[in-house]
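First the structure, in the form of structure tokens, and then the observations on it.
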Protein chains: 2
Amino acid sequence: ALGVGVMQLTYNTQNLVGAGCYESNDNGLSDFGRDVVTEMNRLGILVDLSHVGPKTSEDAIRHSTKPVAYTHCCPAALKAIPRNKSDAQLRFIAEQGGFIGVVAYPPFLKRGADSTVEDVVEAMAHVIDIAGEDQVGIGTDFVQDQPDAFFDYLRRDKGSGRMVARFGTPSTTRLAPEGLSTIGEYPNLTAAMMRRGWSEARIRKLLGENWLRLLETVWGA
Amino acid sequence: ALGVGVMQLTYNTQNLVGAGCYESNDNGLSDFGRDVVTEMNRLGILVDLSHVGPKTSEDAIRHSTKPVAYTHCCPAALKAIPRNKSDAQLRFIAEQGGFIGVVAYPPFLKRGADSTVEDVVEAMAHVIDIAGEDQVGIGTDFVQDQPDAFFDYLRRDKGSGRMVARFGTPSTTRLAPEGLSTIGEYPNLTAAMMRRGWSEARIRKLLGENWLRLLETVWGA
């Protein structure tokens, strides 16, 4: 009933639109990919680049006439994996009016399985240093109560091919930081921001105001 | 009942496997594309590169452990369009044990709508000069009794998107050379080869023996 509000252009590997962040060679948006971004702009669908390759992301940021987003990612400066975004990438999307949601997923955070809610706030602080506090928000990548088979499907090429993203499964890996194991624990995130001494105005922006403004811009008439 | 014997890797534009010959940027085989060629080799399916981009074709020729084919194309040296193959491309596929089928489709031939059966034999002669007479055959691209809507579907990206290949339709373009308007007229091709003074041994190869040997190699146990 609400329609499609957000779409990723690719998921880890190459598709008709472009290359994912685990594809060996990223050649940028395809001709069809440019048509897709144009049509998403026209329909008011947010372009999500979280699992998209760096060149395809850059092409999409340039081609889109509306703000785009890495809705869920972490800084590669803190944890260097292909799924995270370099400082140059974070700077570029912010300069072009785009948005960055910060992930609370241990394999993407600096201390991996030992991560706590403090590491999530540290990742947010790094992104704010680069992008300012008006284009950043929560982007948890939170998955709860799914079996190993679900993660196996996500991580293989097209669900059953080559293993593309090796991050373990619920039975082998901690998938949420200590203090953020369930949705119900999210007030701990607010508390960690307050411990860091951030102002109420900044915390309100990070907890939702920035997201609302982005979606109003992209979805609004 | 016979199974799938031949598959093209792409059709004009980018797909999960690689780029087509009308894609603006051809980045070669994707990671999934390499898996696809490996699996086609295992199953004994001929890899067809006719509508595939030059870099993706080169990657596939290198990656395949069995001979591959431009099953239907013409030399770009005689008609420079993206769908035709350069002398360097024809030489490379032949050196790697591959095969070239020569098209009898006026828009790909030197004299366009004025083409006759003689132009088809001239295109074959050009390919034989580069690839020798053992890896060349008929690859007509012959379509009979289809409405304009069928060609419109073929020529648009994914059937209904951007117009990709602009070659007209049956109501605006001559789609078969004079002397080869129907399958029934194909003995005229043999006669044109004989007029050119080619030996019976060469003509037998071109009319089918080369094709049979290729398919035996790829399909055979």
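Chain identifiers are assigned as A, B, and so on, following the order in which chains appear in the structure tokens; residues are numbered from 1 within each chain, and ligands are numbered from 1 in order of appearance.
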For the contact check between chain A and chain B, emit one row per residue of chain A within 6 Å, containing the shortest atom pair and the distance in Å rounded to one decimal, counting only C-alpha atoms, chain then rising number order, as JSON lines.
{"residue": "A:Gln14", "atom": "CA", "partner": "B:Leu16", "partner_atom": "CA", "distance": 5.8}
{"residue": "A:Asn15", "atom": "CA", "partner": "B:Leu16", "partner_atom": "CA", "distance": 4.7}
{"residue": "A:Leu16", "atom": "CA", "partner": "B:Asn15", "partner_atom": "CA", "distance": 4.8}
{"residue": "A:Asn27", "atom": "CA", "partner": "B:Asn27", "partner_atom": "CA", "distance": 5.7}
Let's have the selection written as a short mmCIF file (atom, residue, chain, number, x, y, z; two decimals), in the first residue's frame, with N, CA and C atoms.
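Saved as result12.cif:
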data_model
loop_
_atom_site.label_atom_id
_atom_site.label_comp_id
_atom_site.auth_asym_id
_atom_site.auth_seq_id
_atom_site.Cartn_x
_atom_site.Cartn_y
_atom_site.Cartn_z
N GLN A 14 27.56 -8.39 -9.66
CA GLN A 14 27.08 -7.65 -10.82
C GLN A 14 25.65 -8.02 -11.16
N ASN A 15 24.87 -7.04 -11.55
CA ASN A 15 23.54 -7.32 -12.10
C ASN A 15 23.33 -6.47 -13.34
N LEU A 16 22.09 -6.30 -13.76
CA LEU A 16 21.81 -5.55 -14.99
C LEU A 16 22.16 -4.07 -14.83
N ASN A 27 32.73 -1.70 -13.14
CA ASN A 27 32.82 -0.85 -14.33
C ASN A 27 31.84 0.30 -14.29
#
Practice item. Please return as a list of chain:residue names: the residues of chain B that backbone DSSP assigns to strand (DSSP E). Key: B:Val6, B:Met7, B:Gln8, B:Leu46, B:Val47, B:Asp48, B:Ala69, B:Tyr70, B:Thr71, B:His72, B:Cys73, B:Phe99, B:Ile100, B:Gly101, B:Val102, B:Val136, B:Gly137, B:Ile138
Any chance you could export the current selection's all heavy atoms as a compact mmCIF listing (two decimals), in the first residue's frame?
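Below you can see result.txt, which holds the result:
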# COMPACT_ATOMS: atom_id res chain seq x y z
N VAL B 6 23.45 -24.64 -27.34
CA VAL B 6 24.15 -23.38 -27.61
C VAL B 6 23.52 -22.28 -26.77
O VAL B 6 22.29 -22.20 -26.70
CB VAL B 6 24.06 -22.97 -29.10
CG1 VAL B 6 24.94 -21.77 -29.39
CG2 VAL B 6 24.40 -24.12 -30.02
N MET B 7 24.33 -21.44 -26.16
CA MET B 7 23.81 -20.28 -25.44
C MET B 7 24.69 -19.07 -25.69
O MET B 7 25.91 -19.17 -25.64
CB MET B 7 23.84 -20.52 -23.92
CG MET B 7 22.57 -21.09 -23.33
SD MET B 7 22.82 -21.53 -21.58
CE MET B 7 23.43 -20.00 -20.88
N GLN B 8 24.05 -17.92 -25.97
CA GLN B 8 24.81 -16.67 -25.98
C GLN B 8 25.02 -16.20 -24.55
O GLN B 8 24.14 -16.37 -23.70
CB GLN B 8 24.05 -15.59 -26.74
CG GLN B 8 24.00 -15.83 -28.22
CD GLN B 8 23.95 -14.52 -28.99
OE1 GLN B 8 24.91 -13.76 -29.01
NE2 GLN B 8 22.83 -14.26 -29.63
N LEU B 46 27.70 -25.10 -26.16
CA LEU B 46 28.56 -24.20 -26.93
C LEU B 46 28.36 -22.75 -26.46
O LEU B 46 27.23 -22.27 -26.38
CB LEU B 46 28.23 -24.31 -28.43
CG LEU B 46 28.97 -23.35 -29.36
CD1 LEU B 46 30.48 -23.60 -29.36
CD2 LEU B 46 28.42 -23.43 -30.78
N VAL B 47 29.46 -22.06 -26.18
CA VAL B 47 29.44 -20.65 -25.79
C VAL B 47 29.39 -19.80 -27.06
O VAL B 47 30.33 -19.81 -27.85
CB VAL B 47 30.70 -20.29 -24.96
CG1 VAL B 47 30.76 -18.79 -24.70
CG2 VAL B 47 30.73 -21.08 -23.65
N ASP B 48 28.30 -19.06 -27.23
CA ASP B 48 28.11 -18.21 -28.41
C ASP B 48 28.37 -16.75 -28.03
O ASP B 48 27.81 -16.26 -27.05
CB ASP B 48 26.68 -18.38 -28.93
CG ASP B 48 26.42 -17.60 -30.21
OD1 ASP B 48 27.31 -16.87 -30.67
OD2 ASP B 48 25.29 -17.74 -30.74
N ALA B 69 32.33 -19.80 -30.10
CA ALA B 69 31.97 -19.37 -31.47
C ALA B 69 31.32 -18.00 -31.51
O ALA B 69 30.56 -17.63 -30.61
CB ALA B 69 31.02 -20.40 -32.09
N TYR B 70 31.68 -17.23 -32.53
CA TYR B 70 30.78 -16.20 -33.03
C TYR B 70 29.89 -16.92 -34.03
O TYR B 70 30.25 -17.05 -35.20
CB TYR B 70 31.58 -15.09 -33.72
CG TYR B 70 32.52 -14.30 -32.83
CD1 TYR B 70 33.89 -14.27 -33.10
CD2 TYR B 70 32.05 -13.56 -31.76
CE1 TYR B 70 34.76 -13.53 -32.30
CE2 TYR B 70 32.90 -12.82 -30.95
CZ TYR B 70 34.26 -12.82 -31.23
OH TYR B 70 35.12 -12.10 -30.44
N THR B 71 28.75 -17.44 -33.59
CA THR B 71 27.96 -18.31 -34.50
C THR B 71 27.39 -17.54 -35.68
O THR B 71 27.15 -18.11 -36.73
CB THR B 71 26.78 -18.99 -33.77
OG1 THR B 71 25.86 -17.98 -33.33
CG2 THR B 71 27.26 -19.82 -32.59
N HIS B 72 27.16 -16.21 -35.49
CA HIS B 72 26.63 -15.41 -36.59
C HIS B 72 27.14 -13.98 -36.48
O HIS B 72 26.77 -13.24 -35.59
CB HIS B 72 25.10 -15.46 -36.66
CG HIS B 72 24.38 -15.07 -35.40
ND1 HIS B 72 24.56 -15.69 -34.19
CD2 HIS B 72 23.46 -14.10 -35.18
CE1 HIS B 72 23.79 -15.13 -33.28
NE2 HIS B 72 23.10 -14.14 -33.85
N CYS B 73 28.04 -13.63 -37.41
CA CYS B 73 28.59 -12.27 -37.44
C CYS B 73 29.17 -12.00 -38.82
O CYS B 73 29.27 -12.91 -39.65
CB CYS B 73 29.67 -12.10 -36.38
SG CYS B 73 31.20 -12.99 -36.74
N PHE B 99 35.33 -20.71 -33.56
CA PHE B 99 34.59 -20.86 -34.81
C PHE B 99 33.87 -19.56 -35.17
O PHE B 99 33.44 -18.83 -34.28
CB PHE B 99 33.56 -22.00 -34.62
CG PHE B 99 32.81 -22.36 -35.86
CD1 PHE B 99 33.27 -23.36 -36.70
CD2 PHE B 99 31.62 -21.72 -36.18
CE1 PHE B 99 32.57 -23.72 -37.84
CE2 PHE B 99 30.91 -22.05 -37.33
CZ PHE B 99 31.39 -23.06 -38.15
N ILE B 100 33.70 -19.32 -36.48
CA ILE B 100 33.00 -18.13 -36.94
C ILE B 100 31.93 -18.53 -37.97
O ILE B 100 32.25 -19.09 -39.03
CB ILE B 100 33.98 -17.12 -37.59
CG1 ILE B 100 35.04 -16.70 -36.59
CG2 ILE B 100 33.21 -15.91 -38.13
CD1 ILE B 100 36.46 -16.81 -37.09
N GLY B 101 30.67 -18.23 -37.67
CA GLY B 101 29.59 -18.40 -38.64
C GLY B 101 29.31 -17.05 -39.30
O GLY B 101 29.23 -16.03 -38.61
N VAL B 102 29.18 -17.06 -40.63
CA VAL B 102 29.05 -15.79 -41.37
C VAL B 102 27.58 -15.51 -41.69
O VAL B 102 26.88 -16.34 -42.26
CB VAL B 102 29.92 -15.81 -42.64
CG1 VAL B 102 29.72 -14.52 -43.44
CG2 VAL B 102 31.38 -16.00 -42.28
N VAL B 136 35.18 -22.03 -40.19
CA VAL B 136 34.20 -21.07 -40.71
C VAL B 136 32.99 -21.83 -41.23
O VAL B 136 33.14 -22.95 -41.74
CB VAL B 136 34.83 -20.22 -41.84
CG1 VAL B 136 33.85 -19.20 -42.37
CG2 VAL B 136 36.10 -19.53 -41.34
N GLY B 137 31.81 -21.23 -41.12
CA GLY B 137 30.61 -21.88 -41.64
C GLY B 137 29.51 -20.87 -41.89
O GLY B 137 29.71 -19.65 -41.80
N ILE B 138 28.32 -21.39 -42.20
CA ILE B 138 27.15 -20.55 -42.42
C ILE B 138 26.58 -20.14 -41.05
O ILE B 138 26.52 -20.96 -40.13
CB ILE B 138 26.07 -21.32 -43.21
CG1 ILE B 138 26.62 -21.69 -44.60
CG2 ILE B 138 24.80 -20.49 -43.34
CD1 ILE B 138 25.67 -22.58 -45.40
Output chain B, superimposed onto chain A using in-order Cα pairs, as a compact mmCIF listing (two decimals) with C-alpha atoms, in the first residue's frame:
# COMPACT_ATOMS: atom_id res chain seq x y z
CA ALA B 1 -0.03 -0.02 -0.04
CA LEU B 2 2.86 2.37 0.66
CA GLY B 3 4.73 1.55 -2.59
CA VAL B 4 8.46 0.89 -2.88
CA GLY B 5 10.38 3.62 -1.05
CA VAL B 6 13.99 2.40 -1.16
CA MET B 7 15.89 0.14 -3.56
CA GLN B 8 19.50 -0.98 -3.67
CA LEU B 9 21.01 -0.88 -7.15
CA THR B 10 23.02 -4.08 -6.71
CA TYR B 11 23.54 -6.74 -4.06
CA ASN B 12 27.24 -7.64 -3.68
CA THR B 13 27.78 -8.86 -7.29
CA GLN B 14 27.09 -7.65 -10.83
CA ASN B 15 23.54 -7.32 -12.09
CA LEU B 16 21.80 -5.55 -14.99
CA VAL B 17 22.39 -2.17 -13.32
CA GLY B 18 26.03 -2.26 -12.21
CA ALA B 19 28.53 -4.00 -9.96
CA GLY B 20 28.29 -4.88 -6.28
CA CYS B 21 30.95 -4.24 -3.67
CA TYR B 22 32.26 -7.84 -3.88
CA GLU B 23 32.49 -7.97 -7.67
CA SER B 24 36.15 -8.28 -8.81
CA ASN B 25 35.82 -5.52 -11.43
CA ASP B 26 33.42 -2.62 -11.03
CA ASN B 27 32.80 -0.86 -14.36
CA GLY B 28 30.16 1.55 -13.08
CA LEU B 29 26.49 1.96 -13.99
CA SER B 30 25.37 0.14 -17.13
CA ASP B 31 23.32 1.97 -19.76
CA PHE B 32 20.22 0.28 -18.29
CA GLY B 33 21.45 1.34 -14.83
CA ARG B 34 21.28 4.98 -15.85
CA ASP B 35 17.71 4.44 -17.07
CA VAL B 36 16.89 2.80 -13.72
CA VAL B 37 18.23 5.71 -11.65
CA THR B 38 16.35 8.20 -13.86
CA GLU B 39 13.14 6.23 -13.32
CA MET B 40 13.70 5.92 -9.55
CA ASN B 41 14.18 9.71 -9.40
CA ARG B 42 10.94 10.18 -11.33
CA LEU B 43 9.00 7.82 -9.06
CA GLY B 44 10.53 9.09 -5.81
CA ILE B 45 12.38 5.91 -4.80
CA LEU B 46 15.50 6.40 -2.66
CA VAL B 47 18.64 5.02 -4.37
CA ASP B 48 20.50 2.86 -1.83
CA LEU B 49 24.20 2.18 -2.50
CA SER B 50 25.10 0.14 0.60
CA HIS B 51 26.09 -3.11 -1.20
CA VAL B 52 27.11 -1.33 -4.44
CA GLY B 53 30.67 -1.18 -5.81
CA PRO B 54 32.67 2.06 -5.57
CA LYS B 55 32.61 3.01 -9.28
CA THR B 56 28.92 2.16 -9.69
CA SER B 57 28.21 4.20 -6.53
CA GLU B 58 30.11 7.19 -7.88
CA ASP B 59 28.25 6.99 -11.21
CA ALA B 60 24.88 6.76 -9.45
CA ILE B 61 25.67 9.70 -7.15
CA ARG B 62 26.57 11.78 -10.22
CA HIS B 63 23.60 10.62 -12.30
CA SER B 64 20.87 10.96 -9.65
CA THR B 65 19.00 14.25 -9.45
CA LYS B 66 17.87 13.49 -5.89
CA PRO B 67 19.95 12.68 -2.78
CA VAL B 68 21.10 9.05 -2.57
CA ALA B 69 22.24 7.03 0.44
CA TYR B 70 24.56 4.46 1.84
CA THR B 71 21.66 3.48 4.11
CA HIS B 72 23.78 1.00 6.09
CA CYS B 73 27.58 0.96 6.13
CA CYS B 74 30.63 1.60 8.31
CA PRO B 75 33.83 3.56 7.66
CA ALA B 76 36.57 1.52 5.96
CA ALA B 77 39.04 3.69 7.89
CA LEU B 78 38.02 1.77 11.04
CA LYS B 79 37.62 -1.68 9.41
CA ALA B 80 39.01 -2.21 5.91
CA ILE B 81 36.57 -4.56 4.16
CA PRO B 82 35.02 -4.13 0.68
CA ARG B 83 31.56 -3.65 2.20
CA ASN B 84 32.66 -0.54 4.16
CA LYS B 85 33.11 2.90 2.59
CA SER B 86 36.37 4.86 2.37
CA ASP B 87 36.66 8.39 3.70
CA ALA B 88 36.76 9.61 0.07
CA GLN B 89 33.48 7.80 -0.68
CA LEU B 90 31.81 9.20 2.46
CA ARG B 91 33.03 12.72 1.61
CA PHE B 92 31.82 12.49 -1.99
CA ILE B 93 28.28 11.31 -1.19
CA ALA B 94 27.97 14.00 1.49
CA GLU B 95 29.22 16.76 -0.82
CA GLN B 96 26.57 15.71 -3.34
CA GLY B 97 23.80 16.00 -0.71
CA GLY B 98 23.61 12.28 0.07
CA PHE B 99 23.12 10.39 3.31
CA ILE B 100 24.99 7.79 5.39
CA GLY B 101 23.33 5.33 7.79
CA VAL B 102 25.78 3.74 10.25
CA VAL B 103 25.65 -0.03 10.80
CA ALA B 104 25.55 -1.74 14.18
CA TYR B 105 26.89 -5.06 12.89
CA PRO B 106 30.02 -6.44 14.59
CA PRO B 107 31.78 -7.84 11.47
CA PHE B 108 31.85 -4.28 10.03
CA LEU B 109 33.07 -2.63 13.25
CA LYS B 110 36.66 -2.17 14.39
CA ARG B 111 36.60 -4.68 17.23
CA GLY B 112 34.51 -7.30 15.44
CA ALA B 113 32.80 -9.77 17.78
CA ASP B 114 33.96 -7.73 20.80
CA SER B 115 32.08 -4.63 19.64
CA THR B 116 29.73 -2.82 21.99
CA VAL B 117 27.33 0.05 21.58
CA GLU B 118 30.32 2.38 22.14
CA ASP B 119 31.92 1.16 18.90
CA VAL B 120 28.76 2.04 16.98
CA VAL B 121 28.87 5.58 18.35
CA GLU B 122 32.60 5.80 17.49
CA ALA B 123 31.80 4.81 13.89
CA MET B 124 29.09 7.49 13.81
CA ALA B 125 31.57 10.05 15.15
CA HIS B 126 34.00 9.18 12.35
CA VAL B 127 31.30 9.67 9.72
CA ILE B 128 30.19 12.96 11.30
CA ASP B 129 33.80 14.23 11.18
CA ILE B 130 33.68 13.74 7.39
CA ALA B 131 30.05 14.40 6.48
CA GLY B 132 28.82 16.74 9.20
CA GLU B 133 25.94 15.93 11.57
CA ASP B 134 23.03 16.66 9.19
CA GLN B 135 23.39 13.76 6.75
CA VAL B 136 24.02 10.85 9.13
CA GLY B 137 21.66 8.45 10.90
CA ILE B 138 21.10 4.95 12.23
CA GLY B 139 21.44 2.14 9.64
CA THR B 140 21.62 -0.92 11.81
CA ASP B 141 21.59 -3.85 9.33
CA PHE B 142 19.85 -5.57 12.22
CA VAL B 143 18.56 -9.11 11.66
CA GLN B 144 16.89 -11.01 14.46
CA ASP B 145 15.81 -14.66 14.81
CA GLN B 146 16.91 -15.94 11.39
CA PRO B 147 18.46 -19.41 10.89
CA ASP B 148 21.93 -20.07 9.43
CA ALA B 149 20.34 -21.03 6.09
CA PHE B 150 19.04 -17.46 5.69
CA PHE B 151 22.55 -16.04 6.04
CA ASP B 152 23.97 -18.67 3.70
CA TYR B 153 21.45 -17.52 1.06
CA LEU B 154 22.38 -13.85 1.56
CA ARG B 155 26.08 -14.50 1.24
CA ARG B 156 26.20 -16.69 -1.85
CA ASP B 157 26.12 -15.29 -5.39
CA LYS B 158 22.43 -15.34 -6.44
CA GLY B 159 21.55 -17.29 -3.29
CA SER B 160 23.23 -20.58 -4.17
CA GLY B 161 26.46 -19.86 -6.10
CA ARG B 162 29.97 -18.92 -4.98
CA MET B 163 30.33 -17.79 -1.35
CA VAL B 164 30.74 -14.02 -1.71
CA ALA B 165 30.64 -12.52 1.78
CA ARG B 166 32.27 -14.56 4.54
CA PHE B 167 30.92 -13.29 7.85
CA GLY B 168 29.76 -16.45 9.55
CA THR B 169 26.23 -17.21 10.70
CA PRO B 170 24.30 -16.87 13.97
CA SER B 171 25.76 -20.14 15.22
CA THR B 172 29.37 -19.03 14.59
CA THR B 173 29.37 -15.21 14.84
CA ARG B 174 28.07 -12.50 17.12
CA LEU B 175 25.67 -10.54 14.87
CA ALA B 176 24.78 -7.67 17.19
CA PRO B 177 27.02 -5.61 19.47
CA GLU B 178 26.76 -6.01 23.20
CA GLY B 179 24.07 -3.63 24.43
CA LEU B 180 22.16 -3.72 21.13
CA SER B 181 21.15 -7.40 20.92
CA THR B 182 17.47 -6.65 20.38
CA ILE B 183 15.43 -3.72 19.15
CA GLY B 184 14.33 -3.25 22.75
CA GLU B 185 17.89 -2.32 23.76
CA TYR B 186 18.14 0.69 21.43
CA PRO B 187 17.78 3.26 24.23
CA ASN B 188 21.37 2.16 25.07
CA LEU B 189 22.46 3.88 21.84
CA THR B 190 20.96 7.17 23.00
CA ALA B 191 22.67 6.74 26.38
CA ALA B 192 26.06 6.11 24.68
CA MET B 193 25.64 9.29 22.63
CA MET B 194 24.85 11.24 25.79
CA ARG B 195 27.91 9.76 27.55
CA ARG B 196 29.97 11.07 24.64
CA GLY B 197 28.71 14.55 25.48
CA TRP B 198 26.76 15.14 22.27
CA SER B 199 24.06 17.83 22.38
CA GLU B 200 20.37 16.95 22.42
CA ALA B 201 20.03 18.69 19.05
CA ARG B 202 22.70 16.45 17.46
CA ILE B 203 21.29 13.30 19.07
CA ARG B 204 17.79 14.10 17.78
CA LYS B 205 19.20 14.50 14.27
CA LEU B 206 21.03 11.17 14.46
CA LEU B 207 18.10 9.27 15.96
CA GLY B 208 15.70 10.21 13.19
CA GLU B 209 15.36 13.84 12.17
CA ASN B 210 17.98 13.50 9.42
CA TRP B 211 16.29 10.38 8.06
CA LEU B 212 12.90 12.11 8.01
CA ARG B 213 14.29 15.10 6.10
CA LEU B 214 16.00 12.82 3.54
CA LEU B 215 12.85 10.76 2.92
CA GLU B 216 10.73 13.89 2.68
CA THR B 217 13.09 15.22 0.00
CA VAL B 218 13.12 11.99 -2.03
CA TRP B 219 9.54 10.86 -1.47
CA GLY B 220 7.88 14.29 -1.27
CA ALA B 221 5.87 15.61 -4.19
